[in-house]
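The next block is input.cif, given as mmCIF, C-alpha atoms.
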data_protein
loop_
_atom_site.label_atom_id
_atom_site.label_comp_id
_atom_site.auth_asym_id
_atom_site.auth_seq_id
_atom_site.Cartn_x
_atom_site.Cartn_y
_atom_site.Cartn_z
CA MET A 287 32.41 127.02 -86.96
CA ALA A 288 31.84 124.88 -83.88
CA LYS A 289 34.52 124.88 -81.23
CA VAL A 290 35.67 121.55 -79.83
CA HIS A 291 36.75 121.72 -76.20
CA VAL A 292 38.69 118.71 -74.91
CA MET A 293 38.99 118.83 -71.14
CA GLU A 294 42.49 118.90 -69.68
CA HIS A 295 41.53 119.34 -66.03
CA PRO A 296 43.41 116.83 -63.82
CA LEU A 297 40.26 115.85 -61.89
CA ILE A 298 38.38 115.05 -65.09
CA ARG A 299 41.24 113.00 -66.48
CA HIS A 300 41.65 111.12 -63.20
CA LYS A 301 37.95 110.28 -62.93
CA ILE A 302 37.73 109.17 -66.57
CA SER A 303 40.68 106.85 -66.00
CA TYR A 304 38.75 105.40 -63.07
CA ILE A 305 35.50 104.72 -64.98
CA ARG A 306 37.31 103.01 -67.85
CA ARG A 307 38.15 100.07 -65.55
CA GLU A 308 36.28 96.90 -66.40
CA ASP A 309 35.88 95.82 -62.78
CA LEU A 310 34.22 99.06 -61.57
CA GLY A 311 30.70 98.37 -60.25
CA SER A 312 27.55 100.17 -61.40
CA LYS A 313 27.16 102.22 -58.19
CA ASP A 314 30.66 103.71 -58.39
CA PHE A 315 30.34 104.11 -62.15
CA ARG A 316 27.09 106.10 -61.82
CA GLU A 317 28.52 108.35 -59.11
CA MET A 318 31.64 109.05 -61.13
CA ILE A 319 29.68 109.78 -64.33
CA SER A 320 27.67 112.37 -62.38
CA GLU A 321 30.83 113.97 -60.95
CA ILE A 322 32.47 114.17 -64.38
CA ALA A 323 29.31 115.72 -65.84
CA MET A 324 29.42 118.35 -63.10
CA LEU A 325 33.02 119.24 -63.93
CA ILE A 326 32.38 119.41 -67.69
CA CYS A 327 29.28 121.55 -67.03
CA TYR A 328 31.51 123.96 -65.10
CA GLU A 329 33.65 124.41 -68.23
CA ALA A 330 30.69 124.55 -70.64
CA THR A 331 29.05 127.39 -68.70
CA ARG A 332 32.18 129.52 -68.48
CA ASP A 333 30.84 132.16 -70.91
CA LEU A 334 27.32 132.57 -69.53
CA LYS A 335 26.44 136.26 -69.27
CA LEU A 336 26.34 138.03 -65.91
CA GLN A 337 24.53 141.14 -64.69
CA ASP A 338 24.97 143.46 -61.72
CA VAL A 339 22.68 142.97 -58.75
CA THR A 340 22.53 144.96 -55.51
CA ILE A 341 22.39 142.83 -52.37
CA GLN A 342 22.56 143.35 -48.63
CA THR A 343 25.23 141.40 -46.76
CA PRO A 344 25.30 141.23 -42.92
CA ILE A 345 27.83 144.08 -43.14
CA CYS A 346 26.71 146.41 -45.92
CA GLU A 347 25.02 146.86 -49.28
CA THR A 348 27.12 145.79 -52.25
CA VAL A 349 26.90 145.22 -56.00
CA GLU A 350 27.65 141.66 -57.09
CA LYS A 351 27.19 139.48 -60.19
CA GLU A 352 24.52 136.91 -61.01
CA LEU A 353 23.44 135.07 -64.16
CA ALA A 354 21.67 137.45 -66.52
CA GLY A 355 18.28 135.76 -66.44
CA LYS A 356 19.32 133.19 -69.01
CA LYS A 357 16.97 130.26 -69.35
CA LEU A 358 18.77 126.91 -69.50
CA ALA A 359 17.73 123.34 -70.28
CA VAL A 360 19.45 119.97 -70.02
CA VAL A 361 18.42 117.37 -72.59
CA PRO A 362 19.87 113.88 -72.11
CA ILE A 363 19.84 111.39 -74.96
CA LEU A 364 18.18 108.31 -73.46
CA ARG A 365 19.13 106.22 -71.86
CA ALA A 366 22.80 106.71 -71.02
CA GLY A 367 22.45 110.50 -70.99
CA LEU A 368 20.35 110.20 -67.83
CA GLY A 369 23.54 109.41 -65.95
CA MET A 370 24.81 112.97 -66.53
CA VAL A 371 21.64 114.86 -65.52
CA GLU A 372 22.15 114.88 -61.75
CA GLY A 373 25.65 116.33 -62.09
CA MET A 374 24.42 118.98 -64.52
CA LEU A 375 21.57 120.03 -62.21
CA ALA A 376 23.96 120.24 -59.27
CA MET A 377 25.65 123.07 -61.17
CA ILE A 378 22.56 124.68 -62.79
CA PRO A 379 19.62 123.67 -60.55
CA ALA A 380 17.13 126.06 -62.17
CA ALA A 381 17.50 124.38 -65.58
CA LYS A 382 14.53 122.54 -67.07
CA VAL A 383 15.03 118.95 -68.23
CA GLY A 384 13.85 117.44 -71.51
CA HIS A 385 14.40 113.93 -72.88
CA ILE A 386 15.17 112.55 -76.32
CA GLY A 387 14.97 108.81 -76.86
CA LEU A 388 17.08 107.27 -79.61
CA TYR A 389 18.50 103.80 -80.11
CA ARG A 390 21.13 102.67 -82.55
CA ASP A 391 20.02 100.16 -85.16
CA PRO A 392 22.51 97.26 -84.78
CA ASP A 393 22.72 96.70 -88.52
CA THR A 394 22.93 100.24 -89.91
CA LEU A 395 24.34 101.88 -86.73
CA GLU A 396 21.93 104.76 -87.47
CA PRO A 397 19.66 106.31 -84.81
CA VAL A 398 15.96 105.55 -84.51
CA GLU A 399 13.73 107.95 -82.55
CA TYR A 400 11.30 106.54 -79.97
CA TYR A 401 10.67 109.46 -77.56
CA CYS A 402 10.88 113.26 -77.36
CA LYS A 403 9.60 115.44 -74.51
CA LEU A 404 10.96 118.97 -74.14
CA PRO A 405 10.15 122.03 -71.99
CA ALA A 406 7.34 124.07 -73.56
CA ASP A 407 9.63 127.08 -74.01
CA CYS A 408 12.67 125.09 -75.09
CA GLU A 409 13.26 127.33 -78.12
CA GLU A 410 13.94 130.25 -75.73
CA ARG A 411 16.57 128.38 -73.75
CA ASP A 412 20.26 127.61 -73.99
CA VAL A 413 20.16 123.83 -74.30
CA PHE A 414 22.86 121.43 -73.11
CA VAL A 415 22.51 118.08 -74.87
CA VAL A 416 24.25 115.35 -72.86
CA ASP A 417 25.33 111.81 -73.69
CA PRO A 418 28.33 110.03 -72.13
CA MET A 419 29.58 108.66 -75.45
CA LEU A 420 30.04 110.34 -78.84
CA ALA A 421 30.81 107.31 -81.00
CA THR A 422 29.57 107.35 -84.61
CA GLY A 423 27.79 110.63 -83.90
CA GLY A 424 24.52 109.40 -85.37
CA SER A 425 22.40 109.78 -82.24
CA SER A 426 23.87 113.14 -81.29
CA VAL A 427 23.44 114.57 -84.79
CA ALA A 428 19.83 113.33 -84.90
CA ALA A 429 18.99 114.64 -81.40
CA ILE A 430 20.35 118.09 -82.17
CA GLN A 431 18.45 118.18 -85.46
CA MET A 432 15.26 117.34 -83.55
CA LEU A 433 15.89 120.34 -81.30
CA LYS A 434 16.59 122.64 -84.23
CA ASP A 435 13.40 121.47 -85.94
CA LYS A 436 11.53 122.64 -82.83
CA GLY A 437 13.12 126.10 -83.00
CA VAL A 438 16.01 125.73 -80.57
CA LYS A 439 18.90 127.96 -81.62
CA ASN A 440 21.45 127.87 -78.80
CA ILE A 441 22.76 124.33 -78.31
CA ARG A 442 25.88 122.88 -76.72
CA PHE A 443 26.80 119.20 -76.67
CA LEU A 444 28.54 117.60 -73.69
CA CYS A 445 30.00 114.09 -73.61
CA ILE A 446 32.49 112.23 -71.48
CA ILE A 447 34.29 110.21 -74.16
CA ALA A 448 34.36 110.83 -77.91
CA ALA A 449 35.80 109.17 -81.01
CA PRO A 450 37.34 111.33 -83.75
CA GLU A 451 34.80 109.97 -86.25
CA GLY A 452 31.88 111.19 -84.14
CA VAL A 453 33.43 114.60 -83.61
CA GLU A 454 33.96 115.10 -87.33
CA ARG A 455 30.40 114.02 -88.12
CA MET A 456 29.04 116.45 -85.53
CA LYS A 457 31.16 119.33 -86.84
CA LYS A 458 29.98 118.69 -90.39
CA ALA A 459 26.29 118.31 -89.50
CA HIS A 460 26.08 121.06 -86.88
CA PRO A 461 28.92 123.57 -87.31
CA ASP A 462 27.11 126.00 -84.97
CA VAL A 463 27.13 123.63 -81.95
CA ASP A 464 30.08 123.74 -79.57
CA ILE A 465 31.26 120.35 -78.30
CA TYR A 466 32.66 119.70 -74.81
CA ILE A 467 34.55 116.42 -74.46
CA GLY A 468 35.98 114.80 -71.35
CA ALA A 469 38.44 112.63 -73.32
CA LEU A 470 39.06 112.25 -77.06
CA ASP A 471 39.89 108.60 -77.76
CA LYS A 472 41.68 106.90 -80.66
CA LYS A 473 39.02 105.47 -82.96
CA LEU A 474 35.92 103.33 -83.42
CA ASN A 475 36.21 99.58 -83.78
CA GLU A 476 34.34 97.49 -86.35
CA HIS A 477 31.29 97.32 -84.06
CA GLY A 478 31.05 101.10 -83.63
CA TYR A 479 32.45 101.13 -80.09
CA ILE A 480 35.00 103.70 -78.96
CA VAL A 481 38.58 102.44 -78.45
CA PRO A 482 39.82 102.29 -75.72
CA GLY A 483 36.49 103.67 -74.45
CA LEU A 484 34.70 102.11 -71.50
CA GLY A 485 32.21 99.73 -73.09
CA ASP A 486 28.47 100.42 -73.18
CA ALA A 487 27.83 103.38 -70.88
CA GLY A 488 24.10 102.64 -70.56
CA ASP A 489 24.70 99.05 -69.49
CA ARG A 490 27.32 100.14 -66.96
CA ILE A 491 25.15 102.94 -65.51
CA PHE A 492 22.06 100.77 -65.11
CA GLY A 493 23.67 97.39 -64.48
CA THR A 494 22.25 95.73 -67.60
CA LYS A 495 23.85 93.62 -70.30
#

Could you write out this structure as structure tokens?
Amino acid sequence: MAKVHVMEHPLIRHKISYIRREDLGSKDFREMISEIAMLICYEATRDLKLQDVTIQTPICETVEKELAGKKLAVVPILRAGLGMVEGMLAMIPAAKVGHIGLYRDPDTLEPVEYYCKLPADCEERDVFVVDPMLATGGSSVAAIQMLKDKGVKNIRFLCIIAAPEGVERMKKAHPDVDIYIGALDKKLNEHGYIVPGLGDAGDRIFGTK
């Protein structure tokens, strides 16, 4: 069964409080989204495997630890997920980046695919799917299913704010995918927005309405 990790780190909670503010401009919002993504990535990579490696320091030869050759990929759900990529790559710079484009139909609230471009060897990689908001869960469930259909087996989902409804839908649809959440909010409103949330993350990242 999937594990749900809700971040309790003081820096994450502080920065999420900051980005919720209605009067925060796009520049500061983008920078803070990237920083939060970096901190969540730190937690989501805590169990990556290590191996011994012999190195030469200026003083002597020593045996240290490095990542055990694990291939990683970051796959943002367009467009808001792009805001988390820079922070993720700051932590795992060797990761490849794919893109999945989905939009939410305003009437049905269900996802519609319009783009998918993944690394050629994506099925061999540990994939981190990123999207700032896990609201109804429709886009995230669909994006992860797209990856599974292409042979990807090791998937983790990272978001900054989630609604309980989206978390439950994800757990039901993909019980093998661990979920890392910056903040778990109260509910969805009648329009499918997270409450208290922070509004439309894509609009706030890119300065659109």

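The environment of Gly355 (chain A) within 12 Å, counting all atoms listed in the file and disregarding residues fewer than 4 places along the same chain, consists of Leu334, Lys335, Leu336, Gln337, Asp338, Val339, Lys351, Ala380, Ala381, Glu410, Arg411 and Asp412 of chain A.
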
6 Å contact set for region 311-316 of chain A, all atoms listed in the file, chain neighbours under 6 positions out, as JSON, numbers by chain:
{"A": [305, 490, 491, 493]}

Identify all residues satisfying the PyMOL selection byres ((chain A and resi 487) around 9) in the given file; provide them as a PDB file with C-alpha atoms, in the frame of the given file.
ATOM      1  CA  ALA A 366      22.800 106.710 -71.020  1.00  0.00           C
ATOM      2  CA  GLY A 367      22.450 110.500 -70.990  1.00  0.00           C
ATOM      3  CA  GLY A 369      23.540 109.410 -65.950  1.00  0.00           C
ATOM      4  CA  PRO A 418      28.330 110.030 -72.130  1.00  0.00           C
ATOM      5  CA  MET A 419      29.580 108.660 -75.450  1.00  0.00           C
ATOM      6  CA  LEU A 484      34.700 102.110 -71.500  1.00  0.00           C
ATOM      7  CA  GLY A 485      32.210  99.730 -73.090  1.00  0.00           C
ATOM      8  CA  ASP A 486      28.470 100.420 -73.180  1.00  0.00           C
ATOM      9  CA  GLY A 488      24.100 102.640 -70.560  1.00  0.00           C
ATOM     10  CA  ASP A 489      24.700  99.050 -69.490  1.00  0.00           C
ATOM     11  CA  ARG A 490      27.320 100.140 -66.960  1.00  0.00           C
ATOM     12  CA  ILE A 491      25.150 102.940 -65.510  1.00  0.00           C
ATOM     13  CA  PHE A 492      22.060 100.770 -65.110  1.00  0.00           C
TER      14      PHE A 492
END

Residues matched by the PyMOL selection byres ((chain A and resi 382-390) around 9) as JSON, numbers by chain:
{"A": [357, 358, 359, 360, 361, 362, 363, 364, 365, 367, 368, 371, 375, 379, 380, 381, 391, 392, 393, 394, 395, 396, 397, 398, 399, 400, 401, 402, 403, 404, 405, 408, 424, 425, 428, 429, 432]}

Restricting it to C-alpha atoms, dump the selection as a PDB file, in the frame of the given file.
ATOM      1  CA  LYS A 357      16.970 130.260 -69.350  1.00  0.00           C
ATOM      2  CA  LEU A 358      18.770 126.910 -69.500  1.00  0.00           C
ATOM      3  CA  ALA A 359      17.730 123.340 -70.280  1.00  0.00           C
ATOM      4  CA  VAL A 360      19.450 119.970 -70.020  1.00  0.00           C
ATOM      5  CA  VAL A 361      18.420 117.370 -72.590  1.00  0.00           C
ATOM      6  CA  PRO A 362      19.870 113.880 -72.110  1.00  0.00           C
ATOM      7  CA  ILE A 363      19.840 111.390 -74.960  1.00  0.00           C
ATOM      8  CA  LEU A 364      18.180 108.310 -73.460  1.00  0.00           C
ATOM      9  CA  ARG A 365      19.130 106.220 -71.860  1.00  0.00           C
ATOM     10  CA  GLY A 367      22.450 110.500 -70.990  1.00  0.00           C
ATOM     11  CA  LEU A 368      20.350 110.200 -67.830  1.00  0.00           C
ATOM     12  CA  VAL A 371      21.640 114.860 -65.520  1.00  0.00           C
ATOM     13  CA  LEU A 375      21.570 120.030 -62.210  1.00  0.00           C
ATOM     14  CA  PRO A 379      19.620 123.670 -60.550  1.00  0.00           C
ATOM     15  CA  ALA A 380      17.130 126.060 -62.170  1.00  0.00           C
ATOM     16  CA  ALA A 381      17.500 124.380 -65.580  1.00  0.00           C
ATOM     17  CA  ASP A 391      20.020 100.160 -85.160  1.00  0.00           C
ATOM     18  CA  PRO A 392      22.510  97.260 -84.780  1.00  0.00           C
ATOM     19  CA  ASP A 393      22.720  96.700 -88.520  1.00  0.00           C
ATOM     20  CA  THR A 394      22.930 100.240 -89.910  1.00  0.00           C
ATOM     21  CA  LEU A 395      24.340 101.880 -86.730  1.00  0.00           C
ATOM     22  CA  GLU A 396      21.930 104.760 -87.470  1.00  0.00           C
ATOM     23  CA  PRO A 397      19.660 106.310 -84.810  1.00  0.00           C
ATOM     24  CA  VAL A 398      15.960 105.550 -84.510  1.00  0.00           C
ATOM     25  CA  GLU A 399      13.730 107.950 -82.550  1.00  0.00           C
ATOM     26  CA  TYR A 400      11.300 106.540 -79.970  1.00  0.00           C
ATOM     27  CA  TYR A 401      10.670 109.460 -77.560  1.00  0.00           C
ATOM     28  CA  CYS A 402      10.880 113.260 -77.360  1.00  0.00           C
ATOM     29  CA  LYS A 403       9.600 115.440 -74.510  1.00  0.00           C
ATOM     30  CA  LEU A 404      10.960 118.970 -74.140  1.00  0.00           C
ATOM     31  CA  PRO A 405      10.150 122.030 -71.990  1.00  0.00           C
ATOM     32  CA  CYS A 408      12.670 125.090 -75.090  1.00  0.00           C
ATOM     33  CA  GLY A 424      24.520 109.400 -85.370  1.00  0.00           C
ATOM     34  CA  SER A 425      22.400 109.780 -82.240  1.00  0.00           C
ATOM     35  CA  ALA A 428      19.830 113.330 -84.900  1.00  0.00           C
ATOM     36  CA  ALA A 429      18.990 114.640 -81.400  1.00  0.00           C
ATOM     37  CA  MET A 432      15.260 117.340 -83.550  1.00  0.00           C
TER      38      MET A 432
END

Work out how far CA of Pro344 (chain A) is from CA of Arg332 (chain A), in Å to one decimal.
28.9 Å

Which protein, DNA or RNA residues are at most 10 Å from (39.4, 117.0, -77.1) in the file's coordinates when you count only C-alpha atoms, listed as a PDB file with C-alpha atoms, in the frame of the given file?
ATOM      1  CA  VAL A 290      35.670 121.550 -79.830  1.00  0.00           C
ATOM      2  CA  HIS A 291      36.750 121.720 -76.200  1.00  0.00           C
ATOM      3  CA  VAL A 292      38.690 118.710 -74.910  1.00  0.00           C
ATOM      4  CA  MET A 293      38.990 118.830 -71.140  1.00  0.00           C
ATOM      5  CA  GLU A 294      42.490 118.900 -69.680  1.00  0.00           C
ATOM      6  CA  ILE A 447      34.290 110.210 -74.160  1.00  0.00           C
ATOM      7  CA  ALA A 448      34.360 110.830 -77.910  1.00  0.00           C
ATOM      8  CA  ALA A 449      35.800 109.170 -81.010  1.00  0.00           C
ATOM      9  CA  PRO A 450      37.340 111.330 -83.750  1.00  0.00           C
ATOM     10  CA  VAL A 453      33.430 114.600 -83.610  1.00  0.00           C
ATOM     11  CA  ILE A 465      31.260 120.350 -78.300  1.00  0.00           C
ATOM     12  CA  TYR A 466      32.660 119.700 -74.810  1.00  0.00           C
ATOM     13  CA  ILE A 467      34.550 116.420 -74.460  1.00  0.00           C
ATOM     14  CA  GLY A 468      35.980 114.800 -71.350  1.00  0.00           C
ATOM     15  CA  ALA A 469      38.440 112.630 -73.320  1.00  0.00           C
ATOM     16  CA  LEU A 470      39.060 112.250 -77.060  1.00  0.00           C
ATOM     17  CA  ASP A 471      39.890 108.600 -77.760  1.00  0.00           C
TER      18      ASP A 471
END

Please write the residues picked by the PyMOL selection byres ((chain A and resi 422) around 7) on this file as an NGL selection string.
:A and (420-421 or 423-424 or 451-452 or 478)

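In this structure, CA of Ile322 (chain A) sits 26.8 Å away from CA of Lys434 (chain A).
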
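In terms of minimum interatomic distance to Glu329 (chain A), A:Met377 ranks closest within A:Val415, A:Met377, A:Leu433, A:Ile480, counting only C-alpha atoms.
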
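The smallest atom-to-atom distance between Lys289 (chain A) and any of A:Met456, A:Val438, A:Ile430, A:Val481, using only C-alpha atoms, is found for A:Met456.
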
One number please: CA of Pro482 (chain A) to CA of Leu325 (chain A), in Å, one decimal.
21.7 Å

Which residues, written as a CSV table (one decimal) with C-alpha atoms, keeping the file's coordinate frame, have at least one atom at most 7 Å from Met374 (chain A), with only C-alpha atoms counted and residues fewer than 3 positions away on the same chain left out?
chain,number,residue,atom,x,y,z
A,323,ALA,CA,29.3,115.7,-65.8
A,324,MET,CA,29.4,118.4,-63.1
A,327,CYS,CA,29.3,121.6,-67.0
A,370,MET,CA,24.8,113.0,-66.5
A,371,VAL,CA,21.6,114.9,-65.5
A,377,MET,CA,25.6,123.1,-61.2
A,378,ILE,CA,22.6,124.7,-62.8

A:Asp309, A:Glu321, A:Asp464, A:Glu352: which is nearest Val413 (chain A), counting only C-alpha atoms?
A:Asp464

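Taking only C-alpha atoms into account, those protein, DNA and RNA residues with any atom at most 8 Å away from (28.5, 129.7, -85.8) amount to A:Met287, A:Ala288, A:Pro461, A:Asp462, A:Val463.
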
Taking the block above, write region 426-448 of chain A with N, CA and C atoms as a tab-separated table (two decimals), in the first residue's frame.
chain	number	residue	atom	x	y	z
A	426	SER	N	-3.17	13.71	-11.81
A	426	SER	CA	-2.08	12.91	-11.26
A	426	SER	C	-2.30	11.43	-11.52
A	427	VAL	N	-3.52	10.96	-11.31
A	427	VAL	CA	-3.85	9.55	-11.57
A	427	VAL	C	-3.62	9.24	-13.05
A	428	ALA	N	-4.06	10.14	-13.94
A	428	ALA	CA	-3.91	9.90	-15.38
A	428	ALA	C	-2.45	9.92	-15.80
A	429	ALA	N	-1.67	10.88	-15.25
A	429	ALA	CA	-0.25	10.98	-15.61
A	429	ALA	C	0.51	9.73	-15.19
A	430	ILE	N	0.23	9.25	-13.99
A	430	ILE	CA	0.93	8.06	-13.50
A	430	ILE	C	0.52	6.84	-14.31
A	431	GLN	N	-0.74	6.77	-14.72
A	431	GLN	CA	-1.17	5.65	-15.56
A	431	GLN	C	-0.46	5.68	-16.91
A	432	MET	N	-0.25	6.88	-17.45
A	432	MET	CA	0.49	7.01	-18.71
A	432	MET	C	1.90	6.46	-18.56
A	433	LEU	N	2.54	6.75	-17.44
A	433	LEU	CA	3.89	6.24	-17.19
A	433	LEU	C	3.88	4.72	-17.06
A	434	LYS	N	2.92	4.19	-16.34
A	434	LYS	CA	2.84	2.73	-16.17
A	434	LYS	C	2.59	2.05	-17.51
A	435	ASP	N	1.77	2.67	-18.35
A	435	ASP	CA	1.49	2.08	-19.67
A	435	ASP	C	2.74	2.02	-20.53
A	436	LYS	N	3.72	2.86	-20.22
A	436	LYS	CA	4.99	2.87	-20.95
A	436	LYS	C	6.07	2.04	-20.26
A	437	GLY	N	5.68	1.29	-19.22
A	437	GLY	CA	6.59	0.35	-18.58
A	437	GLY	C	7.30	0.85	-17.35
A	438	VAL	N	6.99	2.06	-16.90
A	438	VAL	CA	7.64	2.59	-15.70
A	438	VAL	C	7.08	1.89	-14.46
A	439	LYS	N	7.98	1.43	-13.61
A	439	LYS	CA	7.55	0.65	-12.44
A	439	LYS	C	7.77	1.37	-11.12
A	440	ASN	N	8.80	2.20	-11.05
A	440	ASN	CA	9.14	2.86	-9.79
A	440	ASN	C	8.78	4.35	-9.86
A	441	ILE	N	7.67	4.71	-9.25
A	441	ILE	CA	7.13	6.07	-9.36
A	441	ILE	C	6.86	6.63	-7.96
A	442	ARG	N	7.21	7.89	-7.78
A	442	ARG	CA	6.84	8.63	-6.58
A	442	ARG	C	6.17	9.93	-7.03
A	443	PHE	N	5.21	10.38	-6.25
A	443	PHE	CA	4.49	11.61	-6.59
A	443	PHE	C	4.77	12.67	-5.53
A	444	LEU	N	5.16	13.86	-5.99
A	444	LEU	CA	5.48	14.96	-5.09
A	444	LEU	C	4.57	16.14	-5.39
A	445	CYS	N	3.95	16.70	-4.35
A	445	CYS	CA	3.14	17.91	-4.53
A	445	CYS	C	3.36	18.83	-3.34
A	446	ILE	N	2.97	20.07	-3.50
A	446	ILE	CA	3.16	21.04	-2.42
A	446	ILE	C	1.92	21.12	-1.54
A	447	ILE	N	0.74	21.12	-2.15
A	447	ILE	CA	-0.50	21.16	-1.38
A	447	ILE	C	-1.46	20.11	-1.93
A	448	ALA	N	-2.13	19.40	-1.03
A	448	ALA	CA	-3.05	18.34	-1.44
A	448	ALA	C	-4.37	18.47	-0.68
